[in-house]
Structures are given as C-alpha cells and as structure tokens.
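S.K.: Input file: protein02.pdb. Contents: PDB, N, CA, C and O atoms.
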MODEL        1
ATOM      1  N   MET A 863       0.513 -31.722 -16.864
ATOM      2  CA  MET A 863       1.130 -31.173 -15.682
ATOM      3  C   MET A 863       2.095 -30.068 -16.099
ATOM      4  O   MET A 863       2.945 -30.268 -16.952
ATOM      5  N   PRO A 864       1.964 -28.862 -15.472
ATOM      6  CA  PRO A 864       2.855 -27.770 -15.850
ATOM      7  C   PRO A 864       4.277 -28.008 -15.368
ATOM      8  O   PRO A 864       4.508 -28.623 -14.331
ATOM      9  N   LEU A 865       5.214 -27.514 -16.160
ATOM     10  CA  LEU A 865       6.617 -27.640 -15.789
ATOM     11  C   LEU A 865       6.991 -26.719 -14.629
ATOM     12  O   LEU A 865       7.802 -27.066 -13.790
ATOM     13  N   PHE A 866       6.403 -25.527 -14.620
ATOM     14  CA  PHE A 866       6.719 -24.552 -13.593
ATOM     15  C   PHE A 866       5.464 -24.208 -12.824
ATOM     16  O   PHE A 866       4.445 -23.877 -13.416
ATOM     17  N   LYS A 867       5.556 -24.275 -11.516
ATOM     18  CA  LYS A 867       4.433 -23.935 -10.665
ATOM     19  C   LYS A 867       4.463 -22.434 -10.402
ATOM     20  O   LYS A 867       5.494 -21.894  -9.999
ATOM     21  N   LYS A 868       3.354 -21.773 -10.642
ATOM     22  CA  LYS A 868       3.266 -20.340 -10.414
ATOM     23  C   LYS A 868       3.109 -20.085  -8.909
ATOM     24  O   LYS A 868       2.208 -20.607  -8.286
ATOM     25  N   ARG A 869       4.053 -19.314  -8.340
ATOM     26  CA  ARG A 869       4.032 -19.030  -6.912
ATOM     27  C   ARG A 869       3.843 -17.539  -6.679
ATOM     28  O   ARG A 869       4.246 -16.731  -7.496
ATOM     29  N   THR A 870       3.263 -17.204  -5.544
ATOM     30  CA  THR A 870       3.259 -15.810  -5.140
ATOM     31  C   THR A 870       4.624 -15.510  -4.542
ATOM     32  O   THR A 870       5.298 -16.399  -4.059
ATOM     33  N   VAL A 871       5.036 -14.272  -4.590
ATOM     34  CA  VAL A 871       6.370 -13.893  -4.127
ATOM     35  C   VAL A 871       6.313 -13.515  -2.650
ATOM     36  O   VAL A 871       5.394 -12.864  -2.206
ATOM     37  N   GLY A 872       7.292 -13.922  -1.896
ATOM     38  CA  GLY A 872       7.372 -13.598  -0.477
ATOM     39  C   GLY A 872       7.941 -14.762   0.294
ATOM     40  O   GLY A 872       8.154 -15.838  -0.247
ATOM     41  N   LYS A 873       8.171 -14.535   1.582
ATOM     42  CA  LYS A 873       8.768 -15.568   2.420
ATOM     43  C   LYS A 873       7.899 -15.794   3.647
ATOM     44  O   LYS A 873       7.329 -14.847   4.177
ATOM     45  N   PRO A 874       7.826 -17.017   4.130
ATOM     46  CA  PRO A 874       7.138 -17.238   5.396
ATOM     47  C   PRO A 874       7.814 -16.424   6.499
ATOM     48  O   PRO A 874       9.023 -16.219   6.486
ATOM     49  N   GLY A 875       7.043 -15.932   7.431
ATOM     50  CA  GLY A 875       7.581 -15.059   8.476
ATOM     51  C   GLY A 875       7.361 -13.595   8.150
ATOM     52  O   GLY A 875       7.501 -12.743   9.012
ATOM     53  N   GLU A 876       7.024 -13.299   6.908
ATOM     54  CA  GLU A 876       6.655 -11.939   6.518
ATOM     55  C   GLU A 876       5.133 -11.846   6.614
ATOM     56  O   GLU A 876       4.427 -12.794   6.341
ATOM     57  N   TRP A 877       4.664 -10.690   6.995
ATOM     58  CA  TRP A 877       3.236 -10.485   7.174
ATOM     59  C   TRP A 877       2.710  -9.526   6.114
ATOM     60  O   TRP A 877       3.383  -8.575   5.727
ATOM     61  N   PHE A 878       1.500  -9.786   5.651
ATOM     62  CA  PHE A 878       0.859  -8.988   4.618
ATOM     63  C   PHE A 878      -0.567  -8.653   5.042
ATOM     64  O   PHE A 878      -1.165  -9.374   5.837
ATOM     65  N   TYR A 879      -1.098  -7.576   4.474
ATOM     66  CA  TYR A 879      -2.509  -7.244   4.664
ATOM     67  C   TYR A 879      -3.182  -7.404   3.312
ATOM     68  O   TYR A 879      -2.822  -6.733   2.353
ATOM     69  N   CYS A 880      -4.155  -8.296   3.223
ATOM     70  CA  CYS A 880      -4.863  -8.547   1.968
ATOM     71  C   CYS A 880      -6.001  -7.544   1.820
ATOM     72  O   CYS A 880      -6.914  -7.496   2.655
ATOM     73  N   LEU A 881      -5.947  -6.747   0.768
ATOM     74  CA  LEU A 881      -6.986  -5.754   0.502
ATOM     75  C   LEU A 881      -8.284  -6.411   0.045
ATOM     76  O   LEU A 881      -9.373  -5.923   0.322
ATOM     77  N   GLN A 882      -8.172  -7.503  -0.652
ATOM     78  CA  GLN A 882      -9.339  -8.213  -1.186
ATOM     79  C   GLN A 882     -10.181  -8.819  -0.064
ATOM     80  O   GLN A 882     -11.391  -8.731  -0.071
ATOM     81  N   HIS A 883      -9.518  -9.432   0.911
ATOM     82  CA  HIS A 883     -10.224 -10.143   1.980
ATOM     83  C   HIS A 883     -10.260  -9.367   3.292
ATOM     84  O   HIS A 883     -10.946  -9.769   4.225
ATOM     85  N   GLY A 884      -9.464  -8.288   3.394
ATOM     86  CA  GLY A 884      -9.435  -7.486   4.614
ATOM     87  C   GLY A 884      -8.871  -8.235   5.801
ATOM     88  O   GLY A 884      -9.352  -8.085   6.920
ATOM     89  N   LYS A 885      -7.845  -9.052   5.550
ATOM     90  CA  LYS A 885      -7.263  -9.835   6.642
ATOM     91  C   LYS A 885      -5.750  -9.855   6.556
ATOM     92  O   LYS A 885      -5.163  -9.572   5.523
ATOM     93  N   VAL A 886      -5.137 -10.210   7.675
ATOM     94  CA  VAL A 886      -3.684 -10.322   7.774
ATOM     95  C   VAL A 886      -3.292 -11.744   7.399
ATOM     96  O   VAL A 886      -3.956 -12.706   7.778
ATOM     97  N   GLU A 887      -2.212 -11.876   6.623
ATOM     98  CA  GLU A 887      -1.729 -13.180   6.175
ATOM     99  C   GLU A 887      -0.250 -13.316   6.503
ATOM    100  O   GLU A 887       0.507 -12.368   6.354
ATOM    101  N   GLU A 888       0.157 -14.499   6.937
ATOM    102  CA  GLU A 888       1.584 -14.765   7.104
ATOM    103  C   GLU A 888       2.077 -15.418   5.834
ATOM    104  O   GLU A 888       1.529 -16.429   5.390
ATOM    105  N   GLY A 889       3.114 -14.834   5.257
ATOM    106  CA  GLY A 889       3.557 -15.326   3.956
ATOM    107  C   GLY A 889       2.526 -14.904   2.917
ATOM    108  O   GLY A 889       1.414 -14.526   3.245
ATOM    109  N   PRO A 890       2.869 -14.940   1.682
ATOM    110  CA  PRO A 890       1.933 -14.499   0.658
ATOM    111  C   PRO A 890       0.879 -15.569   0.370
ATOM    112  O   PRO A 890       1.196 -16.707   0.090
ATOM    113  N   GLU A 891      -0.372 -15.195   0.496
ATOM    114  CA  GLU A 891      -1.465 -16.088   0.119
ATOM    115  C   GLU A 891      -2.174 -15.550  -1.120
ATOM    116  O   GLU A 891      -2.546 -16.305  -1.993
ATOM    117  N   CYS A 892      -2.367 -14.248  -1.154
ATOM    118  CA  CYS A 892      -3.084 -13.616  -2.266
ATOM    119  C   CYS A 892      -2.077 -12.953  -3.212
ATOM    120  O   CYS A 892      -0.944 -12.699  -2.842
ATOM    121  N   PRO A 893      -2.513 -12.656  -4.428
ATOM    122  CA  PRO A 893      -1.618 -12.002  -5.398
ATOM    123  C   PRO A 893      -1.107 -10.652  -4.884
ATOM    124  O   PRO A 893      -1.783  -9.975  -4.111
ATOM    125  N   ALA A 894       0.061 -10.269  -5.328
ATOM    126  CA  ALA A 894       0.701  -9.027  -4.886
ATOM    127  C   ALA A 894      -0.173  -7.802  -5.157
ATOM    128  O   ALA A 894      -0.147  -6.845  -4.384
ATOM    129  N   LYS A 895      -0.950  -7.828  -6.212
ATOM    130  CA  LYS A 895      -1.794  -6.676  -6.544
ATOM    131  C   LYS A 895      -2.885  -6.444  -5.511
ATOM    132  O   LYS A 895      -3.463  -5.372  -5.442
ATOM    133  N   ASP A 896      -3.157  -7.434  -4.672
ATOM    134  CA  ASP A 896      -4.226  -7.343  -3.687
ATOM    135  C   ASP A 896      -3.721  -7.230  -2.257
ATOM    136  O   ASP A 896      -4.488  -7.457  -1.322
ATOM    137  N   ARG A 897      -2.442  -6.895  -2.056
ATOM    138  CA  ARG A 897      -1.947  -6.870  -0.681
ATOM    139  C   ARG A 897      -0.946  -5.749  -0.440
ATOM    140  O   ARG A 897      -0.301  -5.260  -1.350
ATOM    141  N   PHE A 898      -0.857  -5.353   0.821
ATOM    142  CA  PHE A 898       0.166  -4.435   1.308
ATOM    143  C   PHE A 898       1.180  -5.264   2.072
ATOM    144  O   PHE A 898       0.829  -6.222   2.739
ATOM    145  N   GLY A 899       2.428  -4.867   2.021
ATOM    146  CA  GLY A 899       3.449  -5.563   2.796
ATOM    147  C   GLY A 899       4.673  -5.788   1.948
ATOM    148  O   GLY A 899       4.748  -5.335   0.813
ATOM    149  N   PRO A 900       5.652  -6.454   2.482
ATOM    150  CA  PRO A 900       5.641  -7.215   3.734
ATOM    151  C   PRO A 900       5.874  -6.333   4.948
ATOM    152  O   PRO A 900       6.490  -5.281   4.875
ATOM    153  N   TYR A 901       5.356  -6.792   6.077
ATOM    154  CA  TYR A 901       5.547  -6.151   7.366
ATOM    155  C   TYR A 901       6.340  -7.090   8.256
ATOM    156  O   TYR A 901       6.284  -8.306   8.091
ATOM    157  N   ALA A 902       7.025  -6.527   9.234
ATOM    158  CA  ALA A 902       7.877  -7.318  10.119
ATOM    159  C   ALA A 902       7.081  -8.101  11.158
ATOM    160  O   ALA A 902       7.532  -9.118  11.647
ATOM    161  N   SER A 903       5.872  -7.621  11.494
ATOM    162  CA  SER A 903       5.083  -8.294  12.525
ATOM    163  C   SER A 903       3.604  -8.312  12.142
ATOM    164  O   SER A 903       3.152  -7.536  11.299
ATOM    165  N   ARG A 904       2.874  -9.173  12.808
ATOM    166  CA  ARG A 904       1.431  -9.273  12.596
ATOM    167  C   ARG A 904       0.743  -7.953  12.984
ATOM    168  O   ARG A 904      -0.162  -7.488  12.289
ATOM    169  N   GLU A 905       1.179  -7.362  14.097
ATOM    170  CA  GLU A 905       0.580  -6.116  14.577
ATOM    171  C   GLU A 905       0.755  -4.988  13.557
ATOM    172  O   GLU A 905      -0.153  -4.198  13.332
ATOM    173  N   GLU A 906       1.930  -4.929  12.967
ATOM    174  CA  GLU A 906       2.207  -3.908  11.951
ATOM    175  C   GLU A 906       1.289  -4.108  10.743
ATOM    176  O   GLU A 906       0.743  -3.148  10.194
ATOM    177  N   ALA A 907       1.089  -5.340  10.333
ATOM    178  CA  ALA A 907       0.207  -5.638   9.203
ATOM    179  C   ALA A 907      -1.250  -5.325   9.529
ATOM    180  O   ALA A 907      -2.006  -4.892   8.658
ATOM    181  N   GLN A 908      -1.645  -5.512  10.788
ATOM    182  CA  GLN A 908      -3.019  -5.220  11.187
ATOM    183  C   GLN A 908      -3.339  -3.736  11.052
ATOM    184  O   GLN A 908      -4.487  -3.364  10.874
ATOM    185  N   HIS A 909      -2.311  -2.896  11.140
ATOM    186  CA  HIS A 909      -2.506  -1.448  11.045
ATOM    187  C   HIS A 909      -2.158  -0.909   9.662
ATOM    188  O   HIS A 909      -1.925   0.292   9.506
ATOM    189  N   ALA A 910      -2.136  -1.771   8.662
ATOM    190  CA  ALA A 910      -1.738  -1.368   7.305
ATOM    191  C   ALA A 910      -2.636  -0.263   6.749
ATOM    192  O   ALA A 910      -2.141   0.695   6.150
ATOM    193  N   MET A 911      -3.931  -0.367   6.958
ATOM    194  CA  MET A 911      -4.842   0.649   6.414
ATOM    195  C   MET A 911      -4.664   1.980   7.147
ATOM    196  O   MET A 911      -4.747   3.037   6.526
ATOM    197  N   ASP A 912      -4.404   1.945   8.454
ATOM    198  CA  ASP A 912      -4.139   3.178   9.205
ATOM    199  C   ASP A 912      -2.866   3.844   8.702
ATOM    200  O   ASP A 912      -2.821   5.061   8.516
ATOM    201  N   THR A 913      -1.838   3.031   8.478
ATOM    202  CA  THR A 913      -0.568   3.546   7.966
ATOM    203  C   THR A 913      -0.767   4.183   6.592
ATOM    204  O   THR A 913      -0.266   5.277   6.325
ATOM    205  N   ALA A 914      -1.516   3.516   5.723
ATOM    206  CA  ALA A 914      -1.781   4.049   4.381
ATOM    207  C   ALA A 914      -2.565   5.356   4.469
ATOM    208  O   ALA A 914      -2.260   6.322   3.756
ATOM    209  N   ARG A 915      -3.551   5.411   5.356
ATOM    210  CA  ARG A 915      -4.363   6.621   5.533
ATOM    211  C   ARG A 915      -3.487   7.790   6.002
ATOM    212  O   ARG A 915      -3.602   8.902   5.478
ATOM    213  N   GLU A 916      -2.607   7.527   6.964
ATOM    214  CA  GLU A 916      -1.698   8.569   7.471
ATOM    215  C   GLU A 916      -0.749   9.058   6.379
ATOM    216  O   GLU A 916      -0.523  10.264   6.239
ATOM    217  N   ARG A 917      -0.204   8.125   5.611
ATOM    218  CA  ARG A 917       0.723   8.517   4.534
ATOM    219  C   ARG A 917       0.004   9.300   3.448
ATOM    220  O   ARG A 917       0.554  10.257   2.891
ATOM    221  N   ASN A 918      -1.221   8.917   3.124
ATOM    222  CA  ASN A 918      -1.993   9.665   2.126
ATOM    223  C   ASN A 918      -2.255  11.087   2.603
ATOM    224  O   ASN A 918      -2.150  12.043   1.831
ATOM    225  N   LEU A 919      -2.604  11.233   3.869
ATOM    226  CA  LEU A 919      -2.864  12.557   4.432
ATOM    227  C   LEU A 919      -1.599  13.414   4.399
ATOM    228  O   LEU A 919      -1.656  14.598   4.037
ATOM    229  N   GLN A 920      -0.463  12.821   4.752
ATOM    230  CA  GLN A 920       0.803  13.553   4.686
ATOM    231  C   GLN A 920       1.093  13.998   3.254
ATOM    232  O   GLN A 920       1.514  15.132   3.015
ATOM    233  N   TRP A 921       0.858  13.115   2.307
ATOM    234  CA  TRP A 921       1.123  13.439   0.907
ATOM    235  C   TRP A 921       0.189  14.542   0.423
ATOM    236  O   TRP A 921       0.602  15.483  -0.249
ATOM    237  N   GLU A 922      -1.088  14.449   0.775
ATOM    238  CA  GLU A 922      -2.059  15.453   0.333
ATOM    239  C   GLU A 922      -1.752  16.835   0.899
ATOM    240  O   GLU A 922      -2.080  17.841   0.280
ATOM    241  N   ASN A 923      -1.130  16.892   2.072
ATOM    242  CA  ASN A 923      -0.823  18.168   2.709
ATOM    243  C   ASN A 923       0.614  18.632   2.492
ATOM    244  O   ASN A 923       1.017  19.660   3.028
ATOM    245  N   ASP A 924       1.377  17.908   1.716
ATOM    246  CA  ASP A 924       2.764  18.263   1.458
ATOM    247  C   ASP A 924       2.811  19.301   0.333
ATOM    248  O   ASP A 924       2.426  19.017  -0.798
ATOM    249  N   PRO A 925       3.278  20.508   0.628
ATOM    250  CA  PRO A 925       3.288  21.558  -0.396
ATOM    251  C   PRO A 925       4.194  21.242  -1.587
ATOM    252  O   PRO A 925       4.012  21.793  -2.668
ATOM    253  N   ARG A 926       5.143  20.343  -1.413
ATOM    254  CA  ARG A 926       6.023  19.994  -2.535
ATOM    255  C   ARG A 926       5.292  19.222  -3.618
ATOM    256  O   ARG A 926       5.761  19.125  -4.747
ATOM    257  N   TRP A 927       4.123  18.647  -3.303
ATOM    258  CA  TRP A 927       3.404  17.823  -4.274
ATOM    259  C   TRP A 927       2.230  18.538  -4.922
ATOM    260  O   TRP A 927       1.473  17.962  -5.659
ATOM    261  N   HIS A 928       2.075  19.809  -4.617
ATOM    262  CA  HIS A 928       0.980  20.573  -5.206
ATOM    263  C   HIS A 928       1.551  21.713  -6.041
ATOM    264  O   HIS A 928       2.422  22.452  -5.580
ATOM    265  N   ASP A 929       1.036  21.859  -7.230
ATOM    266  CA  ASP A 929       1.455  22.965  -8.071
ATOM    267  C   ASP A 929       0.773  24.232  -7.576
ATOM    268  O   ASP A 929      -0.442  24.264  -7.391
ATOM    269  N   ALA A 930       1.541  25.250  -7.372
ATOM    270  CA  ALA A 930       0.978  26.536  -6.965
ATOM    271  C   ALA A 930       0.340  27.185  -8.194
ATOM    272  O   ALA A 930       0.897  27.136  -9.298
ATOM    273  N   PRO A 931      -0.819  27.757  -8.037
ATOM    274  CA  PRO A 931      -1.438  28.436  -9.186
ATOM    275  C   PRO A 931      -0.597  29.632  -9.605
ATOM    276  O   PRO A 931       0.078  30.254  -8.778
ATOM    277  N   ALA A 932      -0.642  29.916 -10.884
ATOM    278  CA  ALA A 932       0.103  31.068 -11.394
ATOM    279  C   ALA A 932      -0.461  32.322 -10.737
ATOM    280  O   ALA A 932      -1.668  32.446 -10.554
ATOM    281  N   PRO A 933       0.387  33.276 -10.369
ATOM    282  CA  PRO A 933      -0.080  34.459  -9.642
ATOM    283  C   PRO A 933      -1.121  35.276 -10.397
ATOM    284  O   PRO A 933      -2.010  35.841  -9.801
ATOM    285  N   ASP A 934      -1.039  35.356 -11.727
ATOM    286  CA  ASP A 934      -1.978  36.169 -12.491
ATOM    287  C   ASP A 934      -2.938  35.306 -13.303
ATOM    288  O   ASP A 934      -3.524  35.769 -14.283
ATOM    289  N   ALA A 935      -3.161  34.071 -12.942
ATOM    290  CA  ALA A 935      -3.989  33.152 -13.726
ATOM    291  C   ALA A 935      -5.438  33.628 -13.790
ATOM    292  O   ALA A 935      -6.081  33.527 -14.835
ATOM    293  N   ASP A 936      -5.979  34.168 -12.718
ATOM    294  CA  ASP A 936      -7.376  34.612 -12.718
ATOM    295  C   ASP A 936      -7.556  35.940 -13.430
ATOM    296  O   ASP A 936      -8.635  36.246 -13.942
ATOM    297  N   GLU A 937      -6.535  36.764 -13.492
ATOM    298  CA  GLU A 937      -6.633  38.084 -14.109
ATOM    299  C   GLU A 937      -6.704  38.008 -15.629
ATOM    300  O   GLU A 937      -7.166  38.940 -16.269
ATOM    301  N   ASP A 938      -6.228  36.910 -16.238
ATOM    302  CA  ASP A 938      -6.200  36.805 -17.686
ATOM    303  C   ASP A 938      -7.575  36.533 -18.267
ATOM    304  O   ASP A 938      -7.787  36.717 -19.450
ATOM    305  N   ARG A 939      -8.517  36.138 -17.476
ATOM    306  CA  ARG A 939      -9.843  35.783 -18.009
ATOM    307  C   ARG A 939     -10.724  36.941 -18.170
ATOM    308  O   ARG A 939     -10.906  37.894 -17.760
TER
ENDMDL
END
What's the structure tokens form of this structure?
M.R.:
Amino acid sequence: MPLFKKRTVGKPGEWFYCLQHGKVEEGPECPAKDRFGPYASREEAQHAMDTARERNLQWENDPRWHDAPAPDADEDR
C-alpha cells in the first residue's frame, strides 16, 4: 500500500474541459496535461475550445508577435 496517494490538482466546484475525452468535468478527473481550466461555470468550460480558438486567432493576428522582415532582405540575394 502506497504511503501517499497521487491526486490530480484542483477543487470540487471548479470546471474543466478534458481534451482527451472532449467533455466537461467538475473537479479534476483527468491529468492536468489533458485539460483546460479551471473555469468558474459549466457553461464557460463547455466553450473552452471556442475560447482557445479565439485566443489563437488574436495571437496569430497580433503584430507584436510577428517579426517584420528586414527591409532589404530580398535585395541581398
């Protein structure tokens, strides 16, 4: 019998979206590497993939995260 029981981190009442199973969970059921959250409500967790998609789109279109090409980079070739 192990001395310490391995637990997932989180608290009941927090909501998570499991990437592995594609479902919403109350409290942590799956490992942290396979979930988004915690979210304050079930509805918020249900829209986790939409939220991630929106944030990715914002990041991809944010000029601060893209290196501008050097002005004369093509002329040197």
S.K.: So what does the PyMOL selection byres ((chain A and resi 902) around 8) actually pick up in this one, as a compact mmCIF listing (two decimals) with N, CA, C and O atoms, in the coordinates of the input?
M.R.:
# COMPACT_ATOMS: atom_id res chain seq x y z
N GLY A 875 7.04 -15.93 7.43
CA GLY A 875 7.58 -15.06 8.48
C GLY A 875 7.36 -13.60 8.15
O GLY A 875 7.50 -12.74 9.01
N GLU A 876 7.02 -13.30 6.91
CA GLU A 876 6.66 -11.94 6.52
C GLU A 876 5.13 -11.85 6.61
O GLU A 876 4.43 -12.79 6.34
N TRP A 877 4.66 -10.69 7.00
CA TRP A 877 3.24 -10.48 7.17
C TRP A 877 2.71 -9.53 6.11
O TRP A 877 3.38 -8.57 5.73
N PHE A 878 1.50 -9.79 5.65
CA PHE A 878 0.86 -8.99 4.62
C PHE A 878 -0.57 -8.65 5.04
O PHE A 878 -1.16 -9.37 5.84
N GLY A 899 2.43 -4.87 2.02
CA GLY A 899 3.45 -5.56 2.80
C GLY A 899 4.67 -5.79 1.95
O GLY A 899 4.75 -5.34 0.81
N PRO A 900 5.65 -6.45 2.48
CA PRO A 900 5.64 -7.22 3.73
C PRO A 900 5.87 -6.33 4.95
O PRO A 900 6.49 -5.28 4.88
N TYR A 901 5.36 -6.79 6.08
CA TYR A 901 5.55 -6.15 7.37
C TYR A 901 6.34 -7.09 8.26
O TYR A 901 6.28 -8.31 8.09
N SER A 903 5.87 -7.62 11.49
CA SER A 903 5.08 -8.29 12.52
C SER A 903 3.60 -8.31 12.14
O SER A 903 3.15 -7.54 11.30
N ARG A 904 2.87 -9.17 12.81
CA ARG A 904 1.43 -9.27 12.60
C ARG A 904 0.74 -7.95 12.98
O ARG A 904 -0.16 -7.49 12.29
N GLU A 905 1.18 -7.36 14.10
CA GLU A 905 0.58 -6.12 14.58
C GLU A 905 0.76 -4.99 13.56
O GLU A 905 -0.15 -4.20 13.33
N GLU A 906 1.93 -4.93 12.97
CA GLU A 906 2.21 -3.91 11.95
C GLU A 906 1.29 -4.11 10.74
O GLU A 906 0.74 -3.15 10.19
N ALA A 907 1.09 -5.34 10.33
CA ALA A 907 0.21 -5.64 9.20
C ALA A 907 -1.25 -5.32 9.53
O ALA A 907 -2.01 -4.89 8.66
S.K.: Just the residues within 10 Å of Lys873 (chain A), please, counting only C-alpha atoms, with nothing from its chain fewer than 6 positions along; format it as an MDAnalysis selection string.
M.R.: chainID A and resid 888:890 900
S.K.: Would you kindly identify which residues have an atom no farther than 8 Å from (-7.7, -3.9, 1.0), using all atoms listed in the file and the file's own coordinates, and write them out as a short mmCIF file (atom, residue, chain, number, x, y, z; two decimals) with N, CA, C and O atoms, in the coordinates of the input?
M.R.:
data_model
loop_
_atom_site.label_atom_id
_atom_site.label_comp_id
_atom_site.auth_asym_id
_atom_site.auth_seq_id
_atom_site.Cartn_x
_atom_site.Cartn_y
_atom_site.Cartn_z
N TYR A 879 -1.10 -7.58 4.47
CA TYR A 879 -2.51 -7.24 4.66
C TYR A 879 -3.18 -7.40 3.31
O TYR A 879 -2.82 -6.73 2.35
N CYS A 880 -4.16 -8.30 3.22
CA CYS A 880 -4.86 -8.55 1.97
C CYS A 880 -6.00 -7.54 1.82
O CYS A 880 -6.91 -7.50 2.66
N LEU A 881 -5.95 -6.75 0.77
CA LEU A 881 -6.99 -5.75 0.50
C LEU A 881 -8.28 -6.41 0.04
O LEU A 881 -9.37 -5.92 0.32
N GLN A 882 -8.17 -7.50 -0.65
CA GLN A 882 -9.34 -8.21 -1.19
C GLN A 882 -10.18 -8.82 -0.06
O GLN A 882 -11.39 -8.73 -0.07
N HIS A 883 -9.52 -9.43 0.91
CA HIS A 883 -10.22 -10.14 1.98
C HIS A 883 -10.26 -9.37 3.29
O HIS A 883 -10.95 -9.77 4.22
N GLY A 884 -9.46 -8.29 3.39
CA GLY A 884 -9.44 -7.49 4.61
C GLY A 884 -8.87 -8.24 5.80
O GLY A 884 -9.35 -8.09 6.92
N LYS A 885 -7.84 -9.05 5.55
CA LYS A 885 -7.26 -9.84 6.64
C LYS A 885 -5.75 -9.86 6.56
O LYS A 885 -5.16 -9.57 5.52
N LYS A 895 -0.95 -7.83 -6.21
CA LYS A 895 -1.79 -6.68 -6.54
C LYS A 895 -2.88 -6.44 -5.51
O LYS A 895 -3.46 -5.37 -5.44
N ASP A 896 -3.16 -7.43 -4.67
CA ASP A 896 -4.23 -7.34 -3.69
C ASP A 896 -3.72 -7.23 -2.26
O ASP A 896 -4.49 -7.46 -1.32
N ARG A 897 -2.44 -6.90 -2.06
CA ARG A 897 -1.95 -6.87 -0.68
C ARG A 897 -0.95 -5.75 -0.44
O ARG A 897 -0.30 -5.26 -1.35
N PHE A 898 -0.86 -5.35 0.82
CA PHE A 898 0.17 -4.43 1.31
C PHE A 898 1.18 -5.26 2.07
O PHE A 898 0.83 -6.22 2.74
N MET A 911 -3.93 -0.37 6.96
CA MET A 911 -4.84 0.65 6.41
C MET A 911 -4.66 1.98 7.15
O MET A 911 -4.75 3.04 6.53
#
S.K.: Would you mind writing region 908-913 of chain A with all heavy atoms, as a PDB file, in the frame of the given file?
M.R.:
ATOM      1  N   GLN A 908      -1.645  -5.512  10.788  1.00  0.00           N
ATOM      2  CA  GLN A 908      -3.019  -5.220  11.187  1.00  0.00           C
ATOM      3  C   GLN A 908      -3.339  -3.736  11.052  1.00  0.00           C
ATOM      4  O   GLN A 908      -4.487  -3.364  10.874  1.00  0.00           O
ATOM      5  CB  GLN A 908      -3.265  -5.668  12.634  1.00  0.00           C
ATOM      6  CG  GLN A 908      -3.393  -7.158  12.785  1.00  0.00           C
ATOM      7  CD  GLN A 908      -3.465  -7.590  14.237  1.00  0.00           C
ATOM      8  OE1 GLN A 908      -2.893  -6.959  15.116  1.00  0.00           O
ATOM      9  NE2 GLN A 908      -4.167  -8.686  14.467  1.00  0.00           N
ATOM     10  N   HIS A 909      -2.311  -2.896  11.140  1.00  0.00           N
ATOM     11  CA  HIS A 909      -2.506  -1.448  11.045  1.00  0.00           C
ATOM     12  C   HIS A 909      -2.158  -0.909   9.662  1.00  0.00           C
ATOM     13  O   HIS A 909      -1.925   0.292   9.506  1.00  0.00           O
ATOM     14  CB  HIS A 909      -1.663  -0.745  12.118  1.00  0.00           C
ATOM     15  CG  HIS A 909      -2.095  -1.101  13.504  1.00  0.00           C
ATOM     16  ND1 HIS A 909      -3.261  -0.646  14.067  1.00  0.00           N
ATOM     17  CD2 HIS A 909      -1.518  -1.906  14.432  1.00  0.00           C
ATOM     18  CE1 HIS A 909      -3.383  -1.140  15.282  1.00  0.00           C
ATOM     19  NE2 HIS A 909      -2.340  -1.920  15.525  1.00  0.00           N
ATOM     20  N   ALA A 910      -2.136  -1.771   8.662  1.00  0.00           N
ATOM     21  CA  ALA A 910      -1.738  -1.368   7.305  1.00  0.00           C
ATOM     22  C   ALA A 910      -2.636  -0.263   6.749  1.00  0.00           C
ATOM     23  O   ALA A 910      -2.141   0.695   6.150  1.00  0.00           O
ATOM     24  CB  ALA A 910      -1.756  -2.570   6.369  1.00  0.00           C
ATOM     25  N   MET A 911      -3.931  -0.367   6.958  1.00  0.00           N
ATOM     26  CA  MET A 911      -4.842   0.649   6.414  1.00  0.00           C
ATOM     27  C   MET A 911      -4.664   1.980   7.147  1.00  0.00           C
ATOM     28  O   MET A 911      -4.747   3.037   6.526  1.00  0.00           O
ATOM     29  CB  MET A 911      -6.289   0.162   6.496  1.00  0.00           C
ATOM     30  CG  MET A 911      -6.568  -1.035   5.602  1.00  0.00           C
ATOM     31  SD  MET A 911      -6.142  -0.773   3.860  1.00  0.00           S
ATOM     32  CE  MET A 911      -7.355   0.434   3.402  1.00  0.00           C
ATOM     33  N   ASP A 912      -4.404   1.945   8.454  1.00  0.00           N
ATOM     34  CA  ASP A 912      -4.139   3.178   9.205  1.00  0.00           C
ATOM     35  C   ASP A 912      -2.866   3.844   8.702  1.00  0.00           C
ATOM     36  O   ASP A 912      -2.821   5.061   8.516  1.00  0.00           O
ATOM     37  CB  ASP A 912      -4.000   2.885  10.700  1.00  0.00           C
ATOM     38  CG  ASP A 912      -5.290   2.363  11.310  1.00  0.00           C
ATOM     39  OD1 ASP A 912      -6.371   2.717  10.825  1.00  0.00           O
ATOM     40  OD2 ASP A 912      -5.202   1.580  12.278  1.00  0.00           O
ATOM     41  N   THR A 913      -1.838   3.031   8.478  1.00  0.00           N
ATOM     42  CA  THR A 913      -0.568   3.546   7.966  1.00  0.00           C
ATOM     43  C   THR A 913      -0.767   4.183   6.592  1.00  0.00           C
ATOM     44  O   THR A 913      -0.266   5.277   6.325  1.00  0.00           O
ATOM     45  CB  THR A 913       0.477   2.416   7.883  1.00  0.00           C
ATOM     46  OG1 THR A 913       0.637   1.839   9.178  1.00  0.00           O
ATOM     47  CG2 THR A 913       1.811   2.930   7.373  1.00  0.00           C
TER      48      THR A 913
END
